[in-house]
Amino acid sequence: MKITLLVVGKTADKHLDTLIGDYCGRLTHYAPFELRVIPELNGKGKVSQDVQKKQEGELILKAISPSAALILLDERGEQFRSLEFANYLQKQMSSGRDIIFVVGGPYGFSKEVYDRANGMISLSKMTFSHQMVRLFFVEQLYRACTILRGESYHHE
């Protein structure tokens, strides 16, 4: 079982990238973890939002295993408190399947990606940039792992 965070495009802000890298490094102590980047589309400003979502969707679907659980980070997804997310993660991990969490591009996901998804999670009712979501999510994933191990990172 492996956990992957799949993102569209590199993190543009070096400060965010450093923080994301720190949490990614911490996560490897709990489970096999990988942050995978799908390159941004060439000429993306020259196509419609729908075309961009469709093209990004094709790249996302090519990057995932058919047997993996695909969980989208999407504003319409289910919201969890940190303890609830830890329990959700534990259930996903106990299936033995690889888990792929996906942060899409700035316009979200194509219909084909939504159709393939096994679940959706929302980090907030607020809208965050798809770049910032990466940091928030890897921190919450790390927090969930520490909760499952009974470590003192999370206080409640």
# chains A, B, ... in the order shown; residues from 1 in each chain; ligands from 1
$ residues_around --residues "Asn87 (chain A)" --least-positions-apart "3" --cutoff "12 Å" --atoms "only C-alpha atoms" --output "list of chain:residue names"
A:Phe80, A:Arg81, A:Ser82, A:Leu83, A:Glu84, A:Gln90, A:Lys91, A:Gln92, A:Met93, A:Ser94, A:Leu141, A:Arg143, A:Ala144, A:Cys145, A:Thr146, A:Ile147, A:Leu148, A:Arg149
$ closest_residue --among "A:Leu59, A:Ile121, A:Leu6, A:Ala12" --to "Tyr88 (chain A)" --atoms "only C-alpha atoms"
A:Ile121
$ closest_residue --among "A:Ile38, A:Val138, A:Leu72, A:Val102" --to "Gly21 (chain A)" --atoms "only C-alpha atoms"
A:Val138
$ closest_atom_pairs --of "region 54-109 of chain A" --to "region 127-135 of chain A" --cutoff "10 Å" --atoms "only C-alpha atoms" --output "CSV"
residue,atom,partner,partner_atom,distance
A:Leu73,CA,A:Val133,CA,8.4
A:Asp74,CA,A:Thr127,CA,9.8
A:Glu75,CA,A:Thr127,CA,7.4
A:Val102,CA,A:Arg134,CA,9.4
A:Val103,CA,A:His130,CA,6.6
A:Gly104,CA,A:His130,CA,7.0
A:Gly105,CA,A:His130,CA,6.5
A:Pro106,CA,A:His130,CA,6.1
A:Tyr107,CA,A:His130,CA,9.1
A:Gly108,CA,A:His130,CA,8.9
$ select_by_dssp --residues "region 5-151 of chain A" --states "strand (DSSP E or B)" --output "ChimeraX atom specification"
/A:5-8,33-38,69-78,99-103,105,108,119-121
$ write_last_selection --atoms "C-alpha atoms" --output "PDB file, in the first residue's frame"
ATOM      1  CA  LEU A   5      -0.377  12.973  -3.774  1.00  0.00           C
ATOM      2  CA  LEU A   6      -0.793  13.717  -7.473  1.00  0.00           C
ATOM      3  CA  VAL A   7      -0.749  17.392  -8.461  1.00  0.00           C
ATOM      4  CA  VAL A   8      -1.010  19.299 -11.716  1.00  0.00           C
ATOM      5  CA  PHE A  33       4.587   8.225   0.175  1.00  0.00           C
ATOM      6  CA  GLU A  34       5.199  10.032  -3.089  1.00  0.00           C
ATOM      7  CA  LEU A  35       4.388  13.487  -4.382  1.00  0.00           C
ATOM      8  CA  ARG A  36       3.962  13.191  -8.157  1.00  0.00           C
ATOM      9  CA  VAL A  37       3.704  16.202 -10.439  1.00  0.00           C
ATOM     10  CA  ILE A  38       1.901  16.091 -13.755  1.00  0.00           C
ATOM     11  CA  ALA A  69      -8.336   4.241  -4.719  1.00  0.00           C
ATOM     12  CA  LEU A  70      -8.658   7.711  -6.270  1.00  0.00           C
ATOM     13  CA  ILE A  71      -9.611  10.479  -3.848  1.00  0.00           C
ATOM     14  CA  LEU A  72     -10.116  13.975  -5.237  1.00  0.00           C
ATOM     15  CA  LEU A  73      -9.467  17.117  -3.231  1.00  0.00           C
ATOM     16  CA  ASP A  74     -12.511  19.044  -4.351  1.00  0.00           C
ATOM     17  CA  GLU A  75     -14.639  21.822  -2.901  1.00  0.00           C
ATOM     18  CA  ARG A  76     -17.722  19.592  -3.151  1.00  0.00           C
ATOM     19  CA  GLY A  77     -16.115  16.775  -1.178  1.00  0.00           C
ATOM     20  CA  GLU A  78     -16.762  15.597   2.346  1.00  0.00           C
ATOM     21  CA  ILE A  99      -4.345   5.522  -2.362  1.00  0.00           C
ATOM     22  CA  ILE A 100      -3.982   8.438  -4.736  1.00  0.00           C
ATOM     23  CA  PHE A 101      -5.112  11.866  -3.584  1.00  0.00           C
ATOM     24  CA  VAL A 102      -5.339  14.401  -6.410  1.00  0.00           C
ATOM     25  CA  VAL A 103      -5.118  18.185  -6.455  1.00  0.00           C
ATOM     26  CA  GLY A 105      -5.458  22.395 -11.805  1.00  0.00           C
ATOM     27  CA  GLY A 108     -10.881  21.515 -11.159  1.00  0.00           C
ATOM     28  CA  GLY A 119     -14.215   9.662  -3.075  1.00  0.00           C
ATOM     29  CA  MET A 120     -13.867  13.411  -2.652  1.00  0.00           C
ATOM     30  CA  ILE A 121     -12.539  15.450   0.254  1.00  0.00           C
TER      31      ILE A 121
END
$ closest_residue --among "A:Phe137, A:Ala86, A:Ser110, A:Asp22" --to "His154 (chain A)" --atoms "only C-alpha atoms"
A:Ala86
$ atom_distance --atom1 "CA of Pro32 (chain A)" --atom2 "CA of Thr4 (chain A)"
8.4 Å
$ select_by_dssp --residues "region 19-79 of chain A" --states "helix (DSSP H, G or I)" --output "tab-separated table (two decimals) with N, CA and C atoms, in the first residue's frame"
chain	number	residue	atom	x	y	z
A	19	LEU	N	8.09	24.08	2.41
A	19	LEU	CA	7.22	23.55	3.46
A	19	LEU	C	6.58	22.23	3.03
A	20	ILE	N	6.14	22.14	1.80
A	20	ILE	CA	5.56	20.89	1.28
A	20	ILE	C	6.59	19.78	1.36
A	21	GLY	N	7.81	20.08	0.94
A	21	GLY	CA	8.89	19.10	1.00
A	21	GLY	C	9.16	18.61	2.40
A	22	ASP	N	9.07	19.51	3.38
A	22	ASP	CA	9.28	19.12	4.78
A	22	ASP	C	8.24	18.09	5.21
A	23	TYR	N	6.98	18.34	4.94
A	23	TYR	CA	5.93	17.39	5.33
A	23	TYR	C	6.01	16.09	4.53
A	24	CYS	N	6.37	16.18	3.27
A	24	CYS	CA	6.53	14.96	2.47
A	24	CYS	C	7.62	14.08	3.06
A	25	GLY	N	8.70	14.69	3.49
A	25	GLY	CA	9.77	13.94	4.14
A	25	GLY	C	9.31	13.28	5.42
A	26	ARG	N	8.53	13.99	6.21
A	26	ARG	CA	8.01	13.43	7.46
A	26	ARG	C	7.09	12.24	7.19
A	27	LEU	N	6.31	12.33	6.13
A	27	LEU	CA	5.32	11.28	5.83
A	27	LEU	C	5.97	9.94	5.53
A	44	LYS	N	-1.62	26.48	-22.24
A	44	LYS	CA	-2.90	26.34	-21.54
A	44	LYS	C	-3.76	27.59	-21.60
A	45	GLY	N	-3.17	28.76	-21.75
A	45	GLY	CA	-3.94	29.99	-21.83
A	45	GLY	C	-4.67	30.16	-23.16
A	46	LYS	N	-4.38	29.28	-24.10
A	46	LYS	CA	-4.97	29.40	-25.44
A	46	LYS	C	-6.18	28.48	-25.64
A	49	GLN	N	-11.42	26.66	-20.53
A	49	GLN	CA	-11.31	25.97	-19.25
A	49	GLN	C	-11.73	24.51	-19.38
A	50	ASP	N	-12.80	24.26	-20.13
A	50	ASP	CA	-13.27	22.89	-20.30
A	50	ASP	C	-12.24	22.02	-21.02
A	51	VAL	N	-11.62	22.59	-22.04
A	51	VAL	CA	-10.60	21.83	-22.77
A	51	VAL	C	-9.40	21.57	-21.86
A	52	GLN	N	-9.01	22.58	-21.08
A	52	GLN	CA	-7.89	22.39	-20.16
A	52	GLN	C	-8.20	21.30	-19.13
A	53	LYS	N	-9.41	21.32	-18.57
A	53	LYS	CA	-9.79	20.27	-17.61
A	53	LYS	C	-9.76	18.89	-18.26
A	54	LYS	N	-10.25	18.80	-19.48
A	54	LYS	CA	-10.26	17.52	-20.18
A	54	LYS	C	-8.85	17.02	-20.44
A	55	GLN	N	-7.96	17.90	-20.89
A	55	GLN	CA	-6.59	17.50	-21.16
A	55	GLN	C	-5.86	17.11	-19.86
A	56	GLU	N	-6.05	17.90	-18.80
A	56	GLU	CA	-5.45	17.54	-17.52
A	56	GLU	C	-6.03	16.22	-17.01
A	57	GLY	N	-7.32	16.03	-17.21
A	57	GLY	CA	-7.97	14.79	-16.79
A	57	GLY	C	-7.37	13.57	-17.47
A	58	GLU	N	-7.08	13.69	-18.76
A	58	GLU	CA	-6.45	12.58	-19.48
A	58	GLU	C	-5.10	12.24	-18.87
A	59	LEU	N	-4.34	13.26	-18.50
A	59	LEU	CA	-3.02	13.04	-17.88
A	59	LEU	C	-3.16	12.41	-16.49
A	60	ILE	N	-4.15	12.86	-15.75
A	60	ILE	CA	-4.40	12.28	-14.41
A	60	ILE	C	-4.74	10.81	-14.54
A	61	LEU	N	-5.67	10.49	-15.43
A	61	LEU	CA	-6.11	9.10	-15.58
A	61	LEU	C	-4.97	8.20	-16.08
A	62	LYS	N	-4.09	8.73	-16.90
A	62	LYS	CA	-2.94	7.95	-17.36
A	62	LYS	C	-1.95	7.67	-16.23
$ residues_around --residues "Ser95 (chain A)" --least-positions-apart "6" --cutoff "12 Å" --atoms "only C-alpha atoms" --output "ChimeraX atom specification"
/A:1-2,67-69,88-89
